[in-house]
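K.L.:
Contents of run35.txt (compact mmCIF, C-alpha atoms and all ligand atoms) are given next:
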```
# COMPACT_ATOMS: atom_id res chain seq x y z
CA MET A 1452 6.48 -30.18 -1.82
CA LEU A 1453 4.74 -27.26 -3.49
CA ALA A 1454 1.40 -26.19 -2.03
CA GLU A 1455 -1.65 -26.71 -4.28
CA SER A 1456 -2.04 -22.96 -4.94
CA GLN A 1457 1.67 -22.67 -5.85
CA LYS A 1458 1.41 -25.47 -8.39
CA SER A 1459 -1.51 -23.84 -10.15
CA PHE A 1460 -0.05 -20.31 -10.15
CA ASP A 1461 1.64 -19.58 -13.45
CA ALA A 1462 3.09 -16.08 -13.83
CA GLU A 1463 3.67 -16.69 -17.56
CA VAL A 1464 -0.08 -17.11 -17.98
CA VAL A 1465 -0.92 -14.22 -15.64
CA ARG A 1466 1.29 -11.77 -17.54
CA GLN A 1467 -0.72 -12.32 -20.74
CA ASP A 1468 -3.40 -10.17 -19.07
CA PHE A 1469 -0.99 -7.20 -18.90
CA PRO A 1470 -0.19 -6.01 -22.45
CA ILE A 1471 2.02 -3.16 -21.17
CA LEU A 1472 4.63 -5.72 -20.09
CA PHE A 1473 5.21 -6.82 -23.69
CA GLN A 1474 7.34 -3.98 -24.97
CA ASN A 1475 10.96 -3.25 -25.56
CA VAL A 1476 12.65 -0.26 -24.02
CA HIS A 1477 16.24 0.94 -24.41
CA ARG A 1478 17.95 -0.51 -27.48
CA ASN A 1479 15.22 -3.07 -27.94
CA ARG A 1480 15.66 -4.64 -24.51
CA PRO A 1481 12.51 -6.35 -23.23
CA LEU A 1482 10.96 -4.48 -20.31
CA ILE A 1483 11.31 -6.16 -16.91
CA TYR A 1484 9.06 -4.32 -14.51
CA PHE A 1485 10.32 -4.47 -10.91
CA ASP A 1486 8.86 -1.19 -9.62
CA ASN A 1487 5.62 -2.63 -8.27
CA ALA A 1488 5.90 -1.19 -4.77
CA ALA A 1489 5.66 2.27 -6.37
CA SER A 1490 2.75 1.31 -8.63
CA THR A 1491 1.62 -1.86 -10.37
CA GLN A 1492 0.31 -2.40 -13.90
CA ARG A 1493 -3.34 -3.12 -14.74
CA PRO A 1494 -4.83 -6.22 -16.38
CA ASN A 1495 -7.16 -5.98 -19.38
CA SER A 1496 -10.17 -6.69 -17.14
CA VAL A 1497 -9.60 -3.51 -15.10
CA VAL A 1498 -8.99 -1.35 -18.17
CA GLU A 1499 -12.09 -2.84 -19.82
CA ALA A 1500 -14.32 -2.36 -16.76
CA MET A 1501 -13.40 1.32 -16.71
CA ALA A 1502 -13.68 1.81 -20.48
CA ASP A 1503 -17.03 0.03 -20.48
CA CYS A 1504 -18.26 2.33 -17.73
CA TYR A 1505 -17.26 5.44 -19.72
CA ARG A 1506 -18.77 3.96 -22.89
CA SER A 1507 -22.13 2.91 -21.48
CA ASP A 1508 -22.90 3.79 -17.88
CA TYR A 1509 -21.23 7.09 -16.98
CA ALA A 1510 -22.96 9.94 -15.09
CA ASN A 1511 -22.51 11.50 -11.66
CA VAL A 1512 -23.51 9.36 -8.68
CA HIS A 1513 -26.25 9.93 -6.11
CA ARG A 1514 -27.48 13.16 -7.70
CA GLY A 1515 -29.45 12.66 -10.88
CA ASN A 1516 -32.99 11.35 -11.25
CA HIS A 1517 -32.19 9.60 -14.49
CA THR A 1518 -31.31 6.14 -15.67
CA LEU A 1519 -27.59 6.60 -16.18
CA SER A 1520 -27.13 8.18 -12.77
CA GLU A 1521 -29.11 5.43 -11.11
CA ARG A 1522 -27.10 2.76 -12.93
CA ILE A 1523 -23.72 4.25 -12.06
CA SER A 1524 -24.80 4.82 -8.44
CA VAL A 1525 -25.61 1.14 -8.14
CA ARG A 1526 -22.22 0.19 -9.60
CA TYR A 1527 -20.41 2.63 -7.28
CA GLU A 1528 -22.12 1.14 -4.23
CA GLN A 1529 -21.46 -2.39 -5.51
CA ALA A 1530 -17.77 -1.47 -5.52
CA ARG A 1531 -18.06 -0.41 -1.88
CA GLU A 1532 -19.73 -3.71 -1.01
CA ARG A 1533 -16.95 -5.58 -2.85
CA VAL A 1534 -14.32 -3.77 -0.76
CA ARG A 1535 -16.28 -4.59 2.41
CA GLN A 1536 -16.22 -8.31 1.57
CA PHE A 1537 -12.56 -8.15 0.56
CA LEU A 1538 -11.55 -6.66 3.94
CA GLY A 1539 -14.04 -8.62 6.03
CA ALA A 1540 -15.58 -5.41 7.40
CA ARG A 1541 -18.94 -5.55 9.17
CA HIS A 1542 -20.80 -2.88 7.18
CA THR A 1543 -20.40 -0.74 4.06
CA ASN A 1544 -20.62 2.33 6.35
CA GLU A 1545 -17.09 1.37 7.38
CA ILE A 1546 -15.73 1.72 3.83
CA ILE A 1547 -14.83 5.27 2.78
CA PHE A 1548 -13.46 5.87 -0.71
CA SER A 1549 -10.53 8.30 -0.80
CA SER A 1550 -8.02 9.24 -3.46
CA GLY A 1551 -5.43 6.91 -1.93
CA THR A 1552 -3.52 5.93 1.19
CA THR A 1553 -2.10 9.42 1.71
CA ALA A 1554 -5.52 11.09 1.56
CA ALA A 1555 -7.01 8.47 3.89
CA ILE A 1556 -4.29 8.98 6.51
CA ASN A 1557 -4.75 12.76 6.29
CA LEU A 1558 -8.48 12.23 6.86
CA VAL A 1559 -7.81 10.28 10.07
CA ALA A 1560 -5.15 12.72 11.26
CA HIS A 1561 -7.47 15.70 10.75
CA SER A 1562 -10.77 14.24 11.80
CA TYR A 1563 -9.85 11.79 14.57
CA GLY A 1564 -6.92 14.06 15.45
CA GLU A 1565 -9.26 16.90 16.39
CA ARG A 1566 -10.08 15.23 19.68
CA LEU A 1567 -6.43 14.94 20.76
CA GLN A 1568 -5.10 17.34 23.41
CA PRO A 1569 -1.64 18.67 24.26
CA GLY A 1570 0.20 15.91 26.10
CA ASP A 1571 -1.57 13.12 24.21
CA GLU A 1572 0.77 10.80 22.32
CA VAL A 1573 0.69 9.32 18.83
CA MET A 1574 3.06 6.40 18.32
CA LEU A 1575 4.68 5.57 15.00
CA SER A 1576 7.66 3.60 13.83
CA VAL A 1577 10.94 4.49 12.15
CA MET A 1578 10.00 2.35 9.12
CA GLU A 1579 6.94 4.46 8.15
CA HIS A 1580 6.39 5.97 4.71
CA HIS A 1581 6.29 9.79 4.72
CA SER A 1582 2.51 9.50 4.22
CA ASN A 1583 2.29 8.00 7.68
CA ILE A 1584 4.69 10.50 9.25
CA VAL A 1585 4.05 13.99 7.92
CA PRO A 1586 0.26 14.13 8.67
CA TRP A 1587 1.10 13.28 12.31
CA GLN A 1588 3.87 15.88 12.41
CA GLN A 1589 1.35 18.41 11.08
CA LEU A 1590 -1.14 17.30 13.74
CA ALA A 1591 1.56 17.70 16.42
CA ALA A 1592 2.16 21.26 15.21
CA ARG A 1593 -1.60 22.03 15.28
CA GLN A 1594 -2.61 20.36 18.52
CA GLY A 1595 0.56 20.16 20.61
CA ILE A 1596 0.52 16.37 20.81
CA THR A 1597 3.73 14.36 21.19
CA LEU A 1598 5.04 11.82 18.67
CA ARG A 1599 6.72 8.70 20.10
CA TRP A 1600 8.94 6.73 17.73
CA VAL A 1601 9.44 2.98 17.89
CA GLY A 1602 12.84 1.85 16.67
CA LEU A 1603 14.07 -1.23 14.85
CA HIS A 1604 16.41 -4.11 15.48
CA ASP A 1605 19.56 -4.37 13.34
CA ASP A 1606 17.79 -6.67 10.88
CA GLY A 1607 15.08 -4.03 10.34
CA SER A 1608 12.36 -5.78 12.33
CA LEU A 1609 10.24 -3.70 14.70
CA ASP A 1610 11.51 -3.42 18.28
CA LEU A 1611 8.50 -5.02 19.97
CA GLU A 1612 9.89 -4.48 23.49
CA GLN A 1613 10.21 -0.76 22.80
CA PHE A 1614 6.72 -0.71 21.28
CA GLN A 1615 5.33 -2.14 24.52
CA SER A 1616 7.40 0.11 26.76
CA HIS A 1617 6.29 3.26 24.87
CA LEU A 1618 2.59 2.43 25.37
CA ASN A 1619 1.03 4.31 28.27
CA SER A 1620 -2.19 6.02 29.29
CA ARG A 1621 -1.31 9.09 27.16
CA THR A 1622 -1.02 6.98 23.96
CA LYS A 1623 -4.16 7.80 22.00
CA LEU A 1624 -3.30 6.49 18.56
CA VAL A 1625 -0.78 4.11 17.02
CA ALA A 1626 -0.02 4.67 13.32
CA ILE A 1627 1.88 1.69 11.96
CA THR A 1628 2.61 0.05 8.64
CA MET A 1629 1.58 -3.55 8.07
CA ALA A 1630 4.39 -4.12 5.55
CA SER A 1631 7.37 -1.81 5.01
CA ASN A 1632 7.84 -0.45 1.49
CA VAL A 1633 11.64 -0.58 1.98
CA LEU A 1634 12.39 -3.46 4.35
CA GLY A 1635 9.66 -5.82 3.26
CA VAL A 1636 9.08 -6.54 6.97
CA ILE A 1637 5.57 -7.61 7.94
CA ASN A 1638 4.58 -6.32 11.38
CA PRO A 1639 2.51 -8.45 13.78
CA ILE A 1640 -0.52 -6.16 13.57
CA ALA A 1641 -2.97 -8.32 15.57
CA LYS A 1642 -0.58 -8.40 18.52
CA LEU A 1643 0.16 -4.65 18.25
CA CYS A 1644 -3.60 -3.95 18.26
CA GLU A 1645 -4.08 -6.08 21.35
CA TRP A 1646 -1.30 -4.29 23.25
CA SER A 1647 -2.47 -0.83 22.09
CA HIS A 1648 -6.10 -1.47 22.99
CA ALA A 1649 -5.02 -2.51 26.48
CA VAL A 1650 -3.98 1.12 27.16
CA GLY A 1651 -7.03 2.54 25.34
CA ALA A 1652 -5.22 3.58 22.12
CA VAL A 1653 -6.74 3.11 18.66
CA VAL A 1654 -4.64 1.66 15.83
CA MET A 1655 -4.42 2.94 12.27
CA VAL A 1656 -2.79 0.45 9.91
CA ASP A 1657 -1.06 1.59 6.73
CA ALA A 1658 -1.75 -1.46 4.57
CA ALA A 1659 -0.60 0.06 1.25
CA GLN A 1660 2.04 -2.68 0.87
CA ALA A 1661 -0.01 -5.45 2.48
CA VAL A 1662 -3.48 -5.49 0.92
CA PRO A 1663 -2.11 -6.05 -2.64
CA HIS A 1664 -0.07 -9.05 -1.56
CA MET A 1665 -1.80 -11.12 1.13
CA PRO A 1666 -5.24 -11.77 2.59
CA VAL A 1667 -6.10 -8.93 5.02
CA ASN A 1668 -9.13 -9.18 7.30
CA VAL A 1669 -9.80 -6.14 9.49
CA GLN A 1670 -11.81 -8.07 12.06
CA GLU A 1671 -9.11 -10.70 12.44
CA LEU A 1672 -6.47 -7.99 12.81
CA GLY A 1673 -8.65 -6.11 15.29
CA CYS A 1674 -7.55 -2.73 13.91
CA ASP A 1675 -9.57 0.47 14.20
CA PHE A 1676 -8.56 2.09 10.89
CA LEU A 1677 -6.86 0.59 7.83
CA VAL A 1678 -5.88 2.32 4.60
CA PHE A 1679 -4.64 1.30 1.14
CA SER A 1680 -4.39 2.46 -2.50
CA GLY A 1681 -5.88 0.95 -5.66
CA HIS A 1682 -2.88 1.61 -7.89
CA LYS A 1683 -0.62 -0.74 -5.91
CA MET A 1684 -2.98 -3.69 -6.44
CA VAL A 1685 -3.57 -3.72 -10.22
CA GLY A 1686 -6.28 -1.08 -9.79
CA PRO A 1687 -6.52 2.53 -10.97
CA THR A 1688 -4.77 5.60 -9.61
CA GLY A 1689 -6.87 8.17 -7.75
CA ILE A 1690 -8.79 5.66 -5.63
CA GLY A 1691 -8.04 4.29 -2.19
CA VAL A 1692 -9.88 3.14 0.87
CA LEU A 1693 -10.21 4.11 4.48
CA TYR A 1694 -11.70 1.36 6.61
CA GLY A 1695 -12.81 2.59 10.04
CA ARG A 1696 -14.82 1.00 12.82
CA GLU A 1697 -18.35 2.38 12.44
CA GLU A 1698 -18.65 3.78 15.97
CA LEU A 1699 -15.38 5.69 15.53
CA LEU A 1700 -16.28 7.10 12.10
CA ASP A 1701 -19.73 8.00 13.37
CA ALA A 1702 -18.29 10.13 16.15
CA MET A 1703 -15.72 11.86 13.94
CA PRO A 1704 -16.35 15.26 12.29
CA PRO A 1705 -16.24 15.49 8.48
CA PHE A 1706 -12.82 16.28 7.03
CA LEU A 1707 -13.57 18.04 3.73
CA GLY A 1708 -16.72 20.12 3.30
CA GLY A 1709 -18.77 20.42 0.10
CA GLY A 1710 -21.43 18.66 -1.92
CA SER A 1711 -22.59 15.13 -1.08
CA MET A 1712 -21.32 15.18 2.53
CA ILE A 1713 -24.32 17.11 3.90
CA GLU A 1714 -27.86 16.33 4.88
CA THR A 1715 -28.96 20.01 4.98
CA VAL A 1716 -27.32 23.41 4.54
CA THR A 1717 -28.70 26.79 5.66
CA GLN A 1718 -27.12 30.23 5.88
CA ASP A 1719 -26.31 29.42 9.49
CA GLY A 1720 -24.57 26.13 8.98
CA PHE A 1721 -24.88 22.53 7.84
CA LYS A 1722 -25.82 19.11 9.12
CA PRO A 1723 -23.44 16.39 7.92
CA ALA A 1724 -24.73 13.34 6.07
CA GLY A 1725 -24.47 9.92 7.65
CA LEU A 1726 -21.79 7.35 6.80
CA PRO A 1727 -20.16 6.85 4.40
CA ALA A 1728 -21.21 10.05 2.54
CA LYS A 1729 -20.00 12.26 5.43
CA PHE A 1730 -16.41 11.59 4.39
CA GLU A 1731 -16.87 11.70 0.60
CA ALA A 1732 -17.25 15.40 -0.20
CA GLY A 1733 -17.54 16.33 -3.88
CA THR A 1734 -17.76 14.09 -6.92
CA PRO A 1735 -15.87 10.92 -6.02
CA ALA A 1736 -13.55 8.88 -8.22
CA ILE A 1737 -16.51 6.99 -9.68
CA VAL A 1738 -14.98 5.06 -12.55
CA GLU A 1739 -11.88 4.38 -10.46
CA ALA A 1740 -14.05 2.75 -7.77
CA ILE A 1741 -15.45 0.48 -10.49
CA GLY A 1742 -11.88 -0.23 -11.63
CA LEU A 1743 -10.96 -1.12 -8.04
CA HIS A 1744 -13.89 -3.54 -7.95
CA ALA A 1745 -12.51 -5.24 -11.07
CA ALA A 1746 -9.00 -5.30 -9.54
CA ILE A 1747 -10.26 -7.07 -6.42
CA ASP A 1748 -12.12 -9.59 -8.60
CA TYR A 1749 -8.91 -10.20 -10.52
CA LEU A 1750 -6.73 -10.71 -7.43
CA GLU A 1751 -9.25 -12.93 -5.68
CA THR A 1752 -9.72 -15.11 -8.76
CA LEU A 1753 -5.98 -15.84 -8.69
CA GLY A 1754 -6.00 -16.10 -4.89
CA LEU A 1755 -4.14 -13.81 -2.49
CA GLU A 1756 -2.41 -16.76 -0.81
CA ALA A 1757 -1.09 -17.97 -4.16
CA ILE A 1758 0.10 -14.46 -5.07
CA ASP A 1759 1.80 -14.13 -1.70
CA GLN A 1760 3.62 -17.44 -2.10
CA HIS A 1761 4.69 -16.63 -5.65
CA GLU A 1762 6.16 -13.27 -4.61
CA LYS A 1763 7.90 -14.80 -1.62
CA ARG A 1764 9.51 -17.40 -3.88
CA LEU A 1765 10.86 -14.65 -6.15
CA ALA A 1766 12.13 -12.60 -3.20
CA THR A 1767 13.78 -15.63 -1.58
CA ARG A 1768 15.62 -16.45 -4.80
CA PHE A 1769 16.67 -12.83 -5.24
CA LEU A 1770 17.88 -12.51 -1.64
CA LEU A 1771 19.95 -15.67 -2.00
CA GLY A 1772 21.48 -14.46 -5.25
CA LEU A 1773 22.28 -11.05 -3.81
CA THR A 1774 24.29 -12.55 -0.96
CA GLU A 1775 26.65 -13.98 -3.58
CA ILE A 1776 27.46 -10.52 -5.00
CA PRO A 1777 30.40 -8.94 -3.12
CA GLY A 1778 29.65 -5.65 -1.34
CA VAL A 1779 25.87 -6.02 -1.22
CA HIS A 1780 24.07 -4.91 1.95
CA ILE A 1781 20.42 -5.92 2.21
CA LEU A 1782 18.00 -3.71 4.15
CA GLY A 1783 15.60 -5.75 6.24
CA PRO A 1784 15.49 -9.38 7.23
CA THR A 1785 16.79 -11.97 4.76
CA SER A 1786 14.29 -14.55 5.97
CA GLY A 1787 11.09 -14.75 7.98
CA THR A 1788 7.89 -12.82 7.43
CA ARG A 1789 8.41 -10.37 4.58
CA VAL A 1790 6.74 -9.28 1.35
CA GLY A 1791 8.20 -9.63 -2.14
CA LEU A 1792 10.38 -6.56 -2.31
CA VAL A 1793 14.09 -6.19 -1.64
CA SER A 1794 16.05 -2.99 -1.02
CA PHE A 1795 19.82 -2.97 -0.91
CA THR A 1796 22.98 -0.94 -1.29
CA ILE A 1797 26.26 -1.95 -2.91
CA GLU A 1798 29.57 -0.69 -1.55
CA ASP A 1799 31.24 2.04 -3.62
CA THR A 1800 28.23 2.20 -5.91
CA ASN A 1801 25.70 4.98 -6.22
CA SER A 1802 22.18 3.50 -6.22
CA GLN A 1803 20.95 6.14 -8.68
CA ASP A 1804 23.70 5.23 -11.18
CA LEU A 1805 22.89 1.58 -10.74
CA ALA A 1806 19.17 2.17 -11.41
CA LYS A 1807 20.06 4.16 -14.54
CA PHE A 1808 22.31 1.39 -15.87
CA LEU A 1809 19.64 -1.18 -15.07
CA ASP A 1810 17.14 0.92 -17.00
CA PHE A 1811 19.48 0.79 -20.02
CA ARG A 1812 19.22 -3.02 -19.75
CA GLY A 1813 15.41 -2.95 -19.58
CA PHE A 1814 14.91 -3.22 -15.80
CA ALA A 1815 12.49 -0.82 -14.10
CA THR A 1816 13.75 -0.58 -10.51
CA ARG A 1817 13.77 2.35 -8.09
CA ALA A 1818 16.63 4.19 -6.39
CA GLY A 1819 16.19 6.81 -3.70
CA HIS A 1820 14.78 7.12 -0.19
CA HIS A 1821 11.43 5.57 -1.25
CA CYS A 1822 9.57 8.21 0.81
CA ALA A 1823 11.17 6.80 3.95
CA MET A 1824 13.91 9.28 4.87
CA PRO A 1825 13.83 8.59 8.64
CA LEU A 1826 14.39 4.91 7.87
CA HIS A 1827 17.40 5.66 5.68
CA GLN A 1828 18.70 8.07 8.35
CA HIS A 1829 18.35 5.21 10.86
CA PHE A 1830 20.67 3.10 8.68
CA ALA A 1831 22.89 6.16 8.00
CA ILE A 1832 22.57 5.80 4.22
CA PRO A 1833 21.29 8.39 1.73
CA ASN A 1834 19.38 5.99 -0.48
CA SER A 1835 18.96 2.41 -1.63
CA LEU A 1836 17.95 0.42 -4.69
CA ARG A 1837 14.65 -1.46 -4.58
CA ALA A 1838 13.37 -4.31 -6.73
CA SER A 1839 9.74 -5.09 -6.00
CA PHE A 1840 8.01 -8.13 -7.44
CA TYR A 1841 4.40 -8.87 -8.24
CA LEU A 1842 2.16 -11.55 -9.63
CA TYR A 1843 3.28 -11.17 -13.26
CA ASN A 1844 7.02 -11.37 -12.57
CA THR A 1845 8.80 -14.62 -13.32
CA GLU A 1846 11.75 -16.49 -11.85
CA GLU A 1847 13.52 -16.02 -15.16
CA GLU A 1848 13.27 -12.24 -14.78
CA VAL A 1849 14.78 -12.48 -11.30
CA GLU A 1850 17.63 -14.63 -12.66
CA GLN A 1851 18.25 -12.04 -15.36
CA LEU A 1852 18.56 -9.27 -12.78
CA LEU A 1853 20.96 -11.37 -10.71
CA ALA A 1854 23.06 -12.05 -13.81
CA THR A 1855 23.02 -8.41 -14.92
CA LEU A 1856 24.02 -6.77 -11.61
CA PRO A 1857 27.63 -8.05 -11.57
CA GLU A 1858 28.07 -7.06 -15.24
CA ILE A 1859 26.99 -3.51 -14.47
CA LEU A 1860 29.13 -3.35 -11.33
CA VAL A 1861 32.24 -4.11 -13.40
CA ARG A 1862 31.48 -1.00 -15.48
CA LEU A 1863 30.53 1.21 -12.54
CA ARG A 1864 33.45 0.46 -10.25
C1 LIG B 1901 3.75 1.87 2.97
C2 LIG B 1901 3.19 2.98 2.14
N1 LIG B 1901 2.35 3.87 2.69
C3 LIG B 1901 1.80 4.88 1.99
C4 LIG B 1901 2.09 5.05 0.66
C5 LIG B 1901 1.45 6.19 -0.08
O1 LIG B 1901 0.55 5.70 -1.02
P1 LIG B 1901 -0.16 6.69 -2.07
O2 LIG B 1901 0.95 7.44 -2.74
O3 LIG B 1901 -0.89 5.77 -2.98
O4 LIG B 1901 -1.06 7.57 -1.30
C6 LIG B 1901 2.96 4.17 0.03
C7 LIG B 1901 3.35 4.36 -1.38
O5 LIG B 1901 4.43 4.05 -1.79
C8 LIG B 1901 3.51 3.10 0.78
O6 LIG B 1901 4.36 2.24 0.23
```
Would you mind writing the structure in this file as structure tokens?
Ligand SMILES: Cc1ncc(COP(=O)(O)O)c(C=O)c1O
P.N.:
Amino acid sequence: MLAESQKSFDAEVVRQDFPILFQNVHRNRPLIYFDNAASTQRPNSVVEAMADCYRSDYANVHRGNHTLSERISVRYEQARERVRQFLGARHTNEIIFSSGTTAAINLVAHSYGERLQPGDEVMLSVMEHHSNIVPWQQLAARQGITLRWVGLHDDGSLDLEQFQSHLNSRTKLVAITMASNVLGVINPIAKLCEWSHAVGAVVMVDAAQAVPHMPVNVQELGCDFLVFSGHKMVGPTGIGVLYGREELLDAMPPFLGGGSMIETVTQDGFKPAGLPAKFEAGTPAIVEAIGLHAAIDYLETLGLEAIDQHEKRLATRFLLGLTEIPGVHILGPTSGTRVGLVSFTIEDTNSQDLAKFLDFRGFATRAGHHCAMPLHQHFAIPNSLRASFYLYNTEEEVEQLLATLPEILVRLR
């Protein structure tokens, strides 16, 4: 029996909102866009919201004493309020706009990281994206802290026993992804937060691959920080969000210095502004914040649960089909809690060649390490091929990929 939301979700109807999908690429092949984990496409409503802003409401925010500036400032703050509702945060002071997930993690690593001392530990997992690895490695080099790595089971799921055994009184921060951009694994964040808080550690959740695909509520998760990017959820590039618990953000020093983040400046120094301005130095991504507002409206009108179920259906069909192709090795669990992306390798086949041949047939997929080199080192493979699905992809497109792969393999082998 299909759930009510599944019955009403029609990807063929949804895709009409995305004109970019209706084009032919190599030798007149229709485009099939399966590179959504890297970046999604935008619906007309997001493009229009941004164009409308440039056409009628644009000025700088919070600075001018004129009508346009007042109007755009209201719209910018409405976008912040929309994000607050979307995440279930307590207050708009907890919503900081950044340029994306990477910038938000760097903010936490620099600003919260300042209080860490040599001997303190930051815990992260082998499945992290480089954005959630390198800022902590840089912090370790600056402050002499230690990084503790949590490993994976053979199926790619997080080793929860090791997670618990690594936690100790020196653990100050846990930086963990909610959904892996390679394995599709969804980590049990609420439980990880509970365990981490028991030893006094704060938890920063990389939700770049979660927020676009499923309902995420920061209070239900119990996390301390959570970050994501607009461009992976039908929103614009150049905008992302850092959610932080207000008491933590309040106590943290500003990261970047400049205009807008100060209350006063003298020749002797400055007094930082309150939240959220303290962490938004310089002119922010104003129109992009308004685009993000429109993106959230779009996703919530369709329903995050319905989107989640649709993607899972596509991934389940694809996983099943892949198991019938000789030589395929799937990274990550083939069932259970996962998001709608699938990475795999095929024996005696170079993933880059495969992606190129797929491109000739109209498929946009991705081959490489997907900014997760430690994960690929863990599996002792140089790269993998990833197909990542989203709300506008159809079962027919998945069937076409499954039918095309064996044809290409005959030519490649
Ligand atoms: C899990 C994860 N974290 C972080 C990032 C970095 O996001 P951005 O490049 O938007 O900063 C990505 C992007 O692929 C991701 O998948």
K.L.:
Hey, can you check how far CA of Gly1564 (chain A) sits from CA of Ala1724 (chain A)?
P.N.:
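It comes out at 20.1 Å.
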K.L.:
Might you pull out every residue within 12 Å of Lys1722 (chain A), with only C-alpha atoms counted and same-chain residues fewer than 6 positions away left off, and present them as a PyMOL selection string?
P.N.:
chain A and resi 1704-1705+1708-1716+1729
K.L.:
Point out the residue among A:Glu1565, A:Glu1532, A:Asp1719, A:Glu1579 with the least atom-to-atom distance to ligand LIG 1901 (chain B), counting all atoms listed in the file.
P.N.:
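Counting all atoms listed in the file, the residue closest to ligand LIG 1901 (chain B) is A:Glu1579.
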K.L.:
Counting all atoms listed in the file, name the residues that have an atom within 7 Å of an atom of ligand LIG 1901 (chain B); the answer should be given as a VMD selection string.
P.N.:
chain A and resid 1488 to 1489 1551 to 1554 1579 to 1580 1582 to 1583 1628 1630 to 1632 1657 to 1660 1680 1682
K.L.:
Just the selected residues (C-alpha atoms), exported as an mmCIF file, in the coordinates of the input, please.
P.N.:
```
data_model
loop_
_atom_site.group_PDB
_atom_site.id
_atom_site.type_symbol
_atom_site.label_atom_id
_atom_site.label_comp_id
_atom_site.auth_asym_id
_atom_site.auth_seq_id
_atom_site.Cartn_x
_atom_site.Cartn_y
_atom_site.Cartn_z
ATOM 1 C CA ALA A 1488 5.900 -1.190 -4.770
ATOM 2 C CA ALA A 1489 5.660 2.270 -6.370
ATOM 3 C CA GLY A 1551 -5.430 6.910 -1.930
ATOM 4 C CA THR A 1552 -3.520 5.930 1.190
ATOM 5 C CA THR A 1553 -2.100 9.420 1.710
ATOM 6 C CA ALA A 1554 -5.520 11.090 1.560
ATOM 7 C CA GLU A 1579 6.940 4.460 8.150
ATOM 8 C CA HIS A 1580 6.390 5.970 4.710
ATOM 9 C CA SER A 1582 2.510 9.500 4.220
ATOM 10 C CA ASN A 1583 2.290 8.000 7.680
ATOM 11 C CA THR A 1628 2.610 0.050 8.640
ATOM 12 C CA ALA A 1630 4.390 -4.120 5.550
ATOM 13 C CA SER A 1631 7.370 -1.810 5.010
ATOM 14 C CA ASN A 1632 7.840 -0.450 1.490
ATOM 15 C CA ASP A 1657 -1.060 1.590 6.730
ATOM 16 C CA ALA A 1658 -1.750 -1.460 4.570
ATOM 17 C CA ALA A 1659 -0.600 0.060 1.250
ATOM 18 C CA GLN A 1660 2.040 -2.680 0.870
ATOM 19 C CA SER A 1680 -4.390 2.460 -2.500
ATOM 20 C CA HIS A 1682 -2.880 1.610 -7.890
#
```
K.L.:
In terms of the shortest atom-to-atom distance over all atoms listed in the file, which of A:Val1685, A:Leu1853, A:Ala1555, A:Cys1822 is closest to Pro1663 (chain A)?
P.N.:
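Using all atoms listed in the file, the shortest distance to Pro1663 (chain A) belongs to A:Val1685.
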K.L.:
From the options A:Asn1638, A:Ser1490, A:Gln1615, A:Ser1562, which residue's atoms come nearest to Val1650 (chain A), counting all atoms listed in the file?
P.N.:
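Selected residue with least distance to Val1650 (chain A): A:Gln1615.
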K.L.:
Extract, using all atoms listed in the file, all DNA, RNA and protein residues at most 12 Å from Gly1595 (chain A), discarding same-chain residues fewer than 3 positions from it, and format them as a PyMOL selection string.
P.N.:
chain A and resi 1564-1573+1587-1592+1598
K.L.:
Could you check which of A:Ile1737, A:Met1629, A:Ala1831, A:Val1793 is closest to Thr1688 (chain A), using all atoms listed in the file?
P.N.:
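Looking at the shortest contact to Thr1688 (chain A), the residue is A:Ile1737.
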K.L.:
Which distance in Å separates CA of Ala1823 (chain A) and CA of Val1662 (chain A), to one decimal?
P.N.:
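A separation of 19.4 Å between them.
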K.L.:
Neighbours of region 1762-1777 of chain A within 8 Å (all atoms listed in the file; same-chain residues fewer than 5 positions away dropped), as JSON, numbers by chain?
P.N.:
{"A": [1785, 1786, 1789, 1790, 1791, 1792, 1793, 1840, 1841, 1842, 1845, 1846, 1849, 1850, 1853, 1857]}
K.L.:
Could those residues be written to a file, using C-alpha atoms, as a compact mmCIF listing (two decimals), in the frame of the given file?
P.N.:
```
# COMPACT_ATOMS: atom_id res chain seq x y z
CA THR A 1785 16.79 -11.97 4.76
CA SER A 1786 14.29 -14.55 5.97
CA ARG A 1789 8.41 -10.37 4.58
CA VAL A 1790 6.74 -9.28 1.35
CA GLY A 1791 8.20 -9.63 -2.14
CA LEU A 1792 10.38 -6.56 -2.31
CA VAL A 1793 14.09 -6.19 -1.64
CA PHE A 1840 8.01 -8.13 -7.44
CA TYR A 1841 4.40 -8.87 -8.24
CA LEU A 1842 2.16 -11.55 -9.63
CA THR A 1845 8.80 -14.62 -13.32
CA GLU A 1846 11.75 -16.49 -11.85
CA VAL A 1849 14.78 -12.48 -11.30
CA GLU A 1850 17.63 -14.63 -12.66
CA LEU A 1853 20.96 -11.37 -10.71
CA PRO A 1857 27.63 -8.05 -11.57
```
K.L.:
Once 5 Å is added on each side, what are the centre and the three edge lengths, in Å to one decimal, of the axis-aligned box enclosing the listed atoms of region 1475-1486 of chain A? Present them as lines of an AutoDock Vina configuration file.
P.N.:
```
center_x = 13.4
center_y = -2.7
center_z = -18.8
size_x = 19.1
size_y = 17.3
size_z = 28.3
```
K.L.:
Within 9 Å of (11.5, 8.6, 6.7) in the file's own coordinates, which protein, DNA or RNA residues have an atom, counting all atoms listed in the file? List them as a ChimeraX atom specification.
P.N.:
/A:1577-1581,1584,1820-1829
K.L.:
Kindly provide, as a PyMOL selection string, the polymer residues lying within 10 Å of (-18.2, -8.3, 14.0), counting all atoms listed in the file and using the coordinates exactly as they appear in the file.
P.N.:
chain A and resi 1539-1542+1669-1671+1673+1696
